[in-house]
$ cat model.txt   # compact mmCIF, C-alpha atoms
# COMPACT_ATOMS: atom_id res chain seq x y z
CA MET A 188 10.80 6.10 -41.69
CA CYS A 189 10.50 6.13 -37.94
CA GLU A 190 7.72 4.08 -36.46
CA SER A 191 5.99 5.90 -33.62
CA LYS A 192 3.80 4.11 -31.16
CA PHE A 193 0.58 5.55 -29.80
CA VAL A 194 0.97 6.74 -26.21
CA PRO A 195 -2.43 6.90 -24.51
CA THR A 196 -3.48 9.66 -22.15
CA PHE A 197 -5.42 8.66 -19.06
CA SER A 198 -7.92 11.30 -18.01
CA SER A 199 -8.53 9.84 -14.53
CA SER A 200 -6.97 7.47 -12.02
CA GLU A 201 -9.75 5.00 -12.90
CA ALA A 202 -8.70 5.10 -16.57
CA ALA A 203 -5.07 4.51 -15.62
CA GLU A 204 -6.11 1.61 -13.39
CA ALA A 205 -8.19 0.06 -16.16
CA ALA A 206 -5.17 0.32 -18.48
CA PHE A 207 -2.88 -1.23 -15.87
CA TYR A 208 -5.12 -4.26 -15.41
CA ALA A 209 -5.74 -4.59 -19.15
CA ALA A 210 -1.96 -4.64 -19.70
CA PHE A 211 -1.59 -7.25 -16.95
CA ALA A 212 -4.44 -9.43 -18.26
CA ASN A 213 -3.14 -9.21 -21.86
CA CYS A 214 0.54 -9.70 -20.90
CA ASP A 215 1.22 -6.49 -22.85
CA LEU A 216 4.56 -5.08 -21.70
CA TYR A 217 4.34 -1.94 -23.85
CA ALA A 218 0.92 -1.07 -22.45
CA MET A 219 2.25 -1.79 -18.95
CA ASP A 220 5.19 0.52 -19.52
CA VAL A 221 3.13 3.53 -20.59
CA VAL A 222 0.79 3.34 -17.62
CA TRP A 223 3.63 3.85 -15.10
CA ALA A 224 4.62 7.40 -14.13
CA ASP A 225 7.80 9.15 -15.21
CA ALA A 226 8.37 10.02 -11.55
CA GLU A 227 10.28 7.65 -9.25
CA VAL A 228 7.95 4.66 -9.08
CA ILE A 229 7.70 1.89 -6.48
CA CYS A 230 6.43 -1.65 -6.92
CA ILE A 231 6.03 -4.29 -4.22
CA HIS A 232 5.01 -7.65 -5.65
CA PRO A 233 3.43 -10.17 -3.25
CA GLY A 234 6.07 -11.48 -0.85
CA SER A 235 8.80 -9.38 -2.45
CA SER A 236 10.91 -6.49 -1.30
CA ALA A 237 10.33 -2.98 -2.64
CA LEU A 238 11.48 -2.21 -6.17
CA ILE A 239 12.27 1.45 -6.60
CA GLY A 240 12.77 3.22 -9.93
CA ARG A 241 11.38 2.71 -13.42
CA LYS A 242 14.16 0.47 -14.71
CA VAL A 243 13.95 -2.20 -12.02
CA VAL A 244 10.14 -2.03 -11.83
CA MET A 245 9.75 -2.52 -15.59
CA ARG A 246 12.29 -5.36 -15.55
CA SER A 247 10.10 -7.13 -12.98
CA TRP A 248 7.03 -6.71 -15.18
CA SER A 249 9.00 -7.95 -18.18
CA ASN A 250 9.82 -11.12 -16.19
CA ILE A 251 6.15 -11.53 -15.28
CA LEU A 252 4.57 -10.80 -18.67
CA THR A 253 7.05 -12.13 -21.22
CA ASN A 254 6.03 -15.53 -22.61
CA ALA A 255 3.27 -15.75 -19.98
CA GLU A 256 -0.18 -17.15 -20.54
CA PRO A 257 -2.72 -14.34 -20.07
CA PRO A 258 -4.28 -14.78 -16.62
CA THR A 259 -7.95 -14.49 -15.87
CA LEU A 260 -8.10 -11.37 -13.76
CA LYS A 261 -10.97 -9.75 -11.90
CA VAL A 262 -10.56 -6.58 -9.87
CA GLU A 263 -12.82 -5.53 -7.01
CA VAL A 264 -12.50 -1.96 -5.74
CA LEU A 265 -12.47 -1.66 -1.94
CA SER A 266 -11.71 2.05 -1.66
CA ARG A 267 -10.84 5.07 -3.78
CA ILE A 268 -9.38 8.27 -2.37
CA LEU A 269 -8.99 11.13 -4.82
CA ARG A 270 -7.39 14.53 -4.35
CA ASP A 271 -6.42 17.09 -7.01
CA ASP A 272 -3.43 15.24 -8.43
CA LEU A 273 -3.01 12.14 -6.29
CA ALA A 274 -5.30 9.13 -5.93
CA VAL A 275 -5.10 5.99 -3.82
CA HIS A 276 -7.12 2.92 -4.79
CA VAL A 277 -7.33 -0.23 -2.66
CA VAL A 278 -8.44 -3.23 -4.68
CA GLU A 279 -8.67 -7.00 -4.49
CA GLU A 280 -7.24 -8.82 -7.49
CA HIS A 281 -8.69 -12.27 -8.17
CA ILE A 282 -6.17 -14.05 -10.38
CA SER A 283 -6.51 -17.44 -12.05
CA PRO A 284 -3.11 -18.25 -13.60
CA VAL A 285 -4.37 -19.43 -17.02
CA THR A 286 -7.81 -19.39 -18.59
CA GLY A 287 -9.44 -22.71 -17.80
CA SER A 288 -6.70 -23.70 -15.33
CA PRO A 289 -7.79 -25.97 -12.51
CA GLU A 290 -5.56 -24.05 -10.10
CA PRO A 291 -7.44 -22.07 -7.45
CA THR A 292 -7.91 -18.34 -7.84
CA SER A 293 -5.42 -16.24 -5.90
CA VAL A 294 -6.62 -13.20 -4.02
CA VAL A 295 -4.16 -10.32 -3.86
CA LEU A 296 -4.71 -7.13 -1.87
CA VAL A 297 -3.35 -4.06 -3.60
CA THR A 298 -2.81 -0.39 -2.89
CA ASN A 299 -2.37 1.48 -6.18
CA VAL A 300 -1.27 5.12 -6.05
CA TYR A 301 -1.79 7.32 -9.10
CA CYS A 302 -0.48 10.81 -9.81
CA LEU A 303 -1.45 13.41 -12.37
CA GLU A 304 1.53 14.12 -14.63
CA ALA A 305 1.74 16.59 -17.52
CA ASP A 306 0.16 14.09 -19.92
CA GLY A 307 -2.43 12.54 -17.65
CA TRP A 308 -2.80 10.10 -14.76
CA ARG A 309 -0.11 7.45 -14.24
CA LEU A 310 0.66 4.69 -11.77
CA LEU A 311 3.16 5.76 -9.13
CA GLU A 312 3.06 2.87 -6.65
CA HIS A 313 1.74 -0.70 -6.68
CA HIS A 314 1.85 -2.51 -3.33
CA ALA A 315 0.50 -6.06 -3.51
CA SER A 316 0.23 -8.66 -0.76
CA MET A 317 -1.49 -11.99 -0.33
CA PRO A 318 -3.59 -12.69 2.75
CA ARG A 319 -2.70 -15.97 4.43
CA PRO A 320 -5.57 -18.43 4.92
CA LYS A 321 -5.15 -18.05 8.70
CA GLN A 322 -5.60 -14.41 9.71
CA THR A 323 -2.76 -12.89 11.72
CA THR A 324 -1.78 -9.39 12.61
CA HIS A 325 1.45 -7.51 13.30
CA MET B 147 -15.67 17.41 36.82
CA CYS B 148 -15.17 15.91 33.41
CA GLU B 149 -11.72 14.67 32.56
CA SER B 150 -10.69 15.68 29.05
CA LYS B 151 -7.80 14.06 27.26
CA PHE B 152 -5.34 16.00 25.18
CA VAL B 153 -5.86 15.45 21.46
CA PRO B 154 -2.69 16.27 19.56
CA THR B 155 -2.64 18.07 16.23
CA PHE B 156 -0.20 16.81 13.61
CA SER B 157 1.08 19.59 11.39
CA SER B 158 2.53 17.27 8.74
CA SER B 159 2.28 13.70 7.51
CA GLU B 160 5.74 13.13 9.03
CA ALA B 161 4.43 14.22 12.44
CA ALA B 162 1.43 11.89 12.11
CA GLU B 163 3.76 9.04 11.11
CA ALA B 164 6.04 9.68 14.08
CA ALA B 165 2.98 9.59 16.36
CA PHE B 166 1.75 6.36 14.77
CA TYR B 167 5.04 4.57 15.34
CA ALA B 168 5.42 6.01 18.86
CA ALA B 169 1.96 4.66 19.70
CA PHE B 170 2.91 1.27 18.22
CA ALA B 171 6.27 1.14 20.04
CA ASN B 172 4.68 2.20 23.36
CA CYS B 173 1.61 -0.07 22.98
CA ASP B 174 -0.48 3.06 23.57
CA LEU B 175 -3.99 2.44 22.26
CA TYR B 176 -5.23 5.98 22.99
CA ALA B 177 -2.35 7.53 21.06
CA MET B 178 -2.96 5.03 18.26
CA ASP B 179 -6.64 5.98 18.13
CA VAL B 180 -6.07 9.72 17.76
CA VAL B 181 -3.59 9.33 14.89
CA TRP B 182 -6.18 7.63 12.64
CA ALA B 183 -8.42 9.79 10.46
CA ASP B 184 -12.12 10.38 11.04
CA ALA B 185 -12.68 9.43 7.38
CA GLU B 186 -13.26 5.80 6.38
CA VAL B 187 -9.92 4.19 7.18
CA ILE B 188 -8.34 0.99 5.86
CA CYS B 189 -5.80 -1.25 7.53
CA ILE B 190 -4.13 -4.33 6.06
CA HIS B 191 -1.97 -6.14 8.60
CA PRO B 192 0.70 -8.53 7.24
CA GLY B 193 -0.97 -11.61 5.78
CA SER B 194 -4.44 -10.36 6.66
CA SER B 195 -7.43 -9.26 4.66
CA ALA B 196 -8.43 -5.60 4.46
CA LEU B 197 -10.09 -4.06 7.52
CA ILE B 198 -12.33 -1.17 6.53
CA GLY B 199 -13.79 1.40 8.94
CA ARG B 200 -12.61 2.90 12.21
CA LYS B 201 -14.36 0.43 14.51
CA VAL B 202 -12.86 -2.74 13.07
CA VAL B 203 -9.44 -1.15 12.51
CA MET B 204 -9.21 0.08 16.11
CA ARG B 205 -10.38 -3.31 17.39
CA SER B 206 -7.45 -4.90 15.55
CA TRP B 207 -5.01 -2.45 17.15
CA SER B 208 -6.57 -3.09 20.54
CA ASN B 209 -5.86 -6.81 20.03
CA ILE B 210 -2.27 -6.04 19.04
CA LEU B 211 -1.42 -3.47 21.71
CA THR B 212 -3.35 -4.58 24.79
CA ASN B 213 -1.18 -6.44 27.29
CA ALA B 214 1.64 -6.55 24.73
CA GLU B 215 5.31 -6.09 25.49
CA PRO B 216 6.54 -2.92 23.75
CA PRO B 217 8.42 -3.99 20.63
CA THR B 218 11.72 -2.56 19.52
CA LEU B 219 10.77 -0.73 16.35
CA LYS B 220 12.89 1.03 13.77
CA VAL B 221 11.40 2.69 10.70
CA GLU B 222 13.30 3.36 7.48
CA VAL B 223 11.67 5.68 4.95
CA LEU B 224 11.84 4.42 1.35
CA SER B 225 9.68 7.08 -0.29
CA ARG B 226 7.48 10.05 0.54
CA ILE B 227 4.99 11.56 -1.87
CA LEU B 228 3.26 14.72 -0.71
CA ARG B 229 0.49 16.69 -2.35
CA ASP B 230 -1.67 19.46 -0.83
CA ASP B 231 -3.77 17.31 1.46
CA LEU B 232 -2.71 13.72 0.76
CA ALA B 233 0.62 12.01 1.41
CA VAL B 234 1.89 8.51 0.72
CA HIS B 235 4.88 7.16 2.63
CA VAL B 236 6.52 3.82 1.89
CA VAL B 237 8.58 2.57 4.81
CA GLU B 238 10.32 -0.53 6.09
CA GLU B 239 9.51 -1.44 9.69
CA HIS B 240 12.16 -3.45 11.53
CA ILE B 241 10.38 -5.05 14.46
CA SER B 242 11.91 -7.07 17.30
CA PRO B 243 9.02 -8.49 19.33
CA VAL B 244 10.35 -7.62 22.81
CA THR B 245 13.33 -5.56 23.93
CA GLY B 246 16.24 -7.95 24.35
CA SER B 247 14.36 -10.82 22.72
CA PRO B 248 16.53 -13.39 20.95
CA GLU B 249 13.92 -13.66 18.18
CA PRO B 250 15.05 -12.32 14.81
CA THR B 251 13.93 -8.90 13.68
CA SER B 252 10.98 -8.92 11.28
CA VAL B 253 11.01 -6.66 8.26
CA VAL B 254 7.61 -5.35 7.21
CA LEU B 255 7.00 -3.26 4.10
CA VAL B 256 4.36 -0.60 4.59
CA THR B 257 2.45 1.93 2.56
CA ASN B 258 1.02 4.60 4.88
CA VAL B 259 -1.45 7.10 3.43
CA TYR B 260 -2.12 10.34 5.33
CA CYS B 261 -4.79 12.98 4.73
CA LEU B 262 -5.17 16.52 5.98
CA GLU B 263 -8.36 16.80 8.02
CA ALA B 264 -9.81 19.89 9.72
CA ASP B 265 -7.57 19.40 12.77
CA GLY B 266 -4.38 18.25 11.06
CA TRP B 267 -2.81 15.25 9.33
CA ARG B 268 -4.14 11.78 10.14
CA LEU B 269 -3.53 8.23 9.01
CA LEU B 270 -6.00 7.06 6.38
CA GLU B 271 -4.53 3.74 5.24
CA HIS B 272 -1.88 1.33 6.53
CA HIS B 273 -0.98 -1.53 4.18
CA ALA B 274 1.68 -3.85 5.62
CA SER B 275 3.21 -6.96 4.09
CA MET B 276 6.16 -9.19 4.84
CA PRO B 277 8.63 -10.11 2.12
CA ARG B 278 9.29 -13.83 1.92
CA PRO B 279 12.94 -14.90 2.19
CA LYS B 280 12.75 -16.24 -1.36
CA GLN B 281 11.77 -13.47 -3.78
CA THR B 282 8.74 -14.14 -5.95
CA THR B 283 6.51 -11.97 -8.08
CA HIS B 284 2.88 -12.01 -9.19

$ encode --input "model.txt" --output "structure tokens"
Amino acid sequence: MCESKFVPTFSSSEAAEAAFYAAFANCDLYAMDVVWADAEVICIHPGSSALIGRKVVMRSWSNILTNAEPPTLKVEVLSRILRDDLAVHVVEEHISPVTGSPEPTSVVLVTNVYCLEADGWRLLEHHASMPRPKQTTH
Amino acid sequence: MCESKFVPTFSSSEAAEAAFYAAFANCDLYAMDVVWADAEVICIHPGSSALIGRKVVMRSWSNILTNAEPPTLKVEVLSRILRDDLAVHVVEEHISPVTGSPEPTSVVLVTNVYCLEADGWRLLEHHASMPRPKQTTH
């Protein structure tokens, strides 16, 4: 008998974002996979080059989430732009590597782009960067 | 007699992006100002925190462009997503600080978000980050 897994439907970009951060916080690779769009996706991890396409993006998340300790993760929304079938959220992630870790919390600035696909809202782009302690510009 | 300045209309997100990078390359603060949207804008310079609102964003560009030597700037498009009135472009900027400078070219990864306003396409968000030489992830 085939085992079928439940594939959730996200009725808004906010729901897709909540699922993305729940997957991240729980180190749940399956949940992370289903939140990404079927379209050509892009992921820029902090300090990294751009990963383009589902295969390479999901491999990066597999490296991050597999055998990892669930991080303590808080997300602060800075901006949300919503049109009919495209949404752009700018958020600040506050990440402590492991629950109870003495390491300082990292702040990561993120632009998340969501699109409405046939089965609901999905993550299309994740661009993350870390501000340096000393502020600089271009 | 009042002097009125020409305010260009950008008929596409590509046209707005070309104007943004022309303003950057020419250190033209007026041209930079008119390409940004009237809506609440966001700008994240490499390594910086998020600047929110026209006033603080334009102040940052004034600091960057005023009395600056025009950089040599090449832009490579990685991805363009276009919906009715919102567009997301992911590009790589290749910036040499001054024409003929011996300094190495910087590569900056950028997500540019454009929106269609009453008078054409404008820049709504600019999120720039620099990849580190050694690749790391979250």

$ atom_distance --input "model.txt" --atom1 "atom CA of Ser225 of chain B" --atom2 "atom CA of Ile229 of chain A"
8.3 Å

$ residues_around --input "model.txt" --residues "Leu270 of chain B" --least-positions-apart "2" --cutoff "10 Å" --atoms "all atoms listed in the file" --output "PDB file with C-alpha atoms, in the frame of the given file"
ATOM      1  CA  ILE A 268      -9.380   8.270  -2.370  1.00  0.00           C
TER       2      ILE A 268
ATOM      3  CA  VAL B 181      -3.590   9.330  14.890  1.00  0.00           C
ATOM      4  CA  TRP B 182      -6.180   7.630  12.640  1.00  0.00           C
ATOM      5  CA  ALA B 183      -8.420   9.790  10.460  1.00  0.00           C
ATOM      6  CA  ASP B 184     -12.120  10.380  11.040  1.00  0.00           C
ATOM      7  CA  ALA B 185     -12.680   9.430   7.380  1.00  0.00           C
ATOM      8  CA  GLU B 186     -13.260   5.800   6.380  1.00  0.00           C
ATOM      9  CA  VAL B 187      -9.920   4.190   7.180  1.00  0.00           C
ATOM     10  CA  ILE B 188      -8.340   0.990   5.860  1.00  0.00           C
ATOM     11  CA  CYS B 189      -5.800  -1.250   7.530  1.00  0.00           C
ATOM     12  CA  GLY B 199     -13.790   1.400   8.940  1.00  0.00           C
ATOM     13  CA  ARG B 200     -12.610   2.900  12.210  1.00  0.00           C
ATOM     14  CA  LEU B 232      -2.710  13.720   0.760  1.00  0.00           C
ATOM     15  CA  ALA B 233       0.620  12.010   1.410  1.00  0.00           C
ATOM     16  CA  VAL B 234       1.890   8.510   0.720  1.00  0.00           C
ATOM     17  CA  ASN B 258       1.020   4.600   4.880  1.00  0.00           C
ATOM     18  CA  VAL B 259      -1.450   7.100   3.430  1.00  0.00           C
ATOM     19  CA  TYR B 260      -2.120  10.340   5.330  1.00  0.00           C
ATOM     20  CA  CYS B 261      -4.790  12.980   4.730  1.00  0.00           C
ATOM     21  CA  LEU B 262      -5.170  16.520   5.980  1.00  0.00           C
ATOM     22  CA  TRP B 267      -2.810  15.250   9.330  1.00  0.00           C
ATOM     23  CA  ARG B 268      -4.140  11.780  10.140  1.00  0.00           C
ATOM     24  CA  HIS B 272      -1.880   1.330   6.530  1.00  0.00           C
TER      25      HIS B 272
END

$ closest_residue --input "model.txt" --among "B:Ala168, B:Ala162, B:Ala196, B:Val180" --to "Val277 of chain A" --atoms "all atoms listed in the file"
B:Ala196

$ residues_around --input "model.txt" --residues "Ser275 of chain B" --least-positions-apart "4" --cutoff "6 Å" --atoms "all atoms listed in the file" --output "CSV table (one decimal) with C-alpha atoms, keeping the file's coordinate frame"
chain,number,residue,atom,x,y,z
A,316,SER,CA,0.2,-8.7,-0.8
B,192,PRO,CA,0.7,-8.5,7.2
B,254,VAL,CA,7.6,-5.4,7.2
B,255,LEU,CA,7.0,-3.3,4.1

$ atom_distance --input "model.txt" --atom1 "atom CA of Met219 of chain A" --atom2 "atom CA of Pro277 of chain B"
23.5 Å

$ atom_distance --input "model.txt" --atom1 "atom CA of Leu252 of chain A" --atom2 "atom CA of Asp215 of chain A"
6.9 Å

$ residues_around --input "model.txt" --residues "Cys214 of chain A" --least-positions-apart "2" --cutoff "7 Å" --atoms "only C-alpha atoms" --output "PyMOL selection string"
chain A and resi 210-212+216+252-253+255+257

$ closest_residue --input "model.txt" --among "A:Ser235, A:Val262, A:Ala315, A:Ile251" --to "Val253 of chain B" --atoms "only C-alpha atoms"
A:Ser235

$ residues_around --input "model.txt" --residues "Leu260 of chain A" --least-positions-apart "5" --cutoff "10 Å" --atoms "all atoms listed in the file" --output "list in words"
Tyr208, Ala209, Phe211, Ala212, Asn213, Glu280, His281, Ile282, Ser283, Pro284, Val285, Thr286, Thr292 and Ser293 of chain A

$ closest_residue --input "model.txt" --among "B:Leu228, B:Leu269, B:Pro154, B:Tyr176" --to "chain A" --atoms "all atoms listed in the file"
B:Leu228

$ closest_residue --input "model.txt" --among "B:Val256, B:Arg226, B:Pro217, B:His191" --to "chain A" --atoms "only C-alpha atoms"
B:His191

$ closest_residue --input "model.txt" --among "B:Thr218, B:Ser158, B:Ser206, B:Asn213" --to "chain A" --atoms "all atoms listed in the file"
B:Ser206
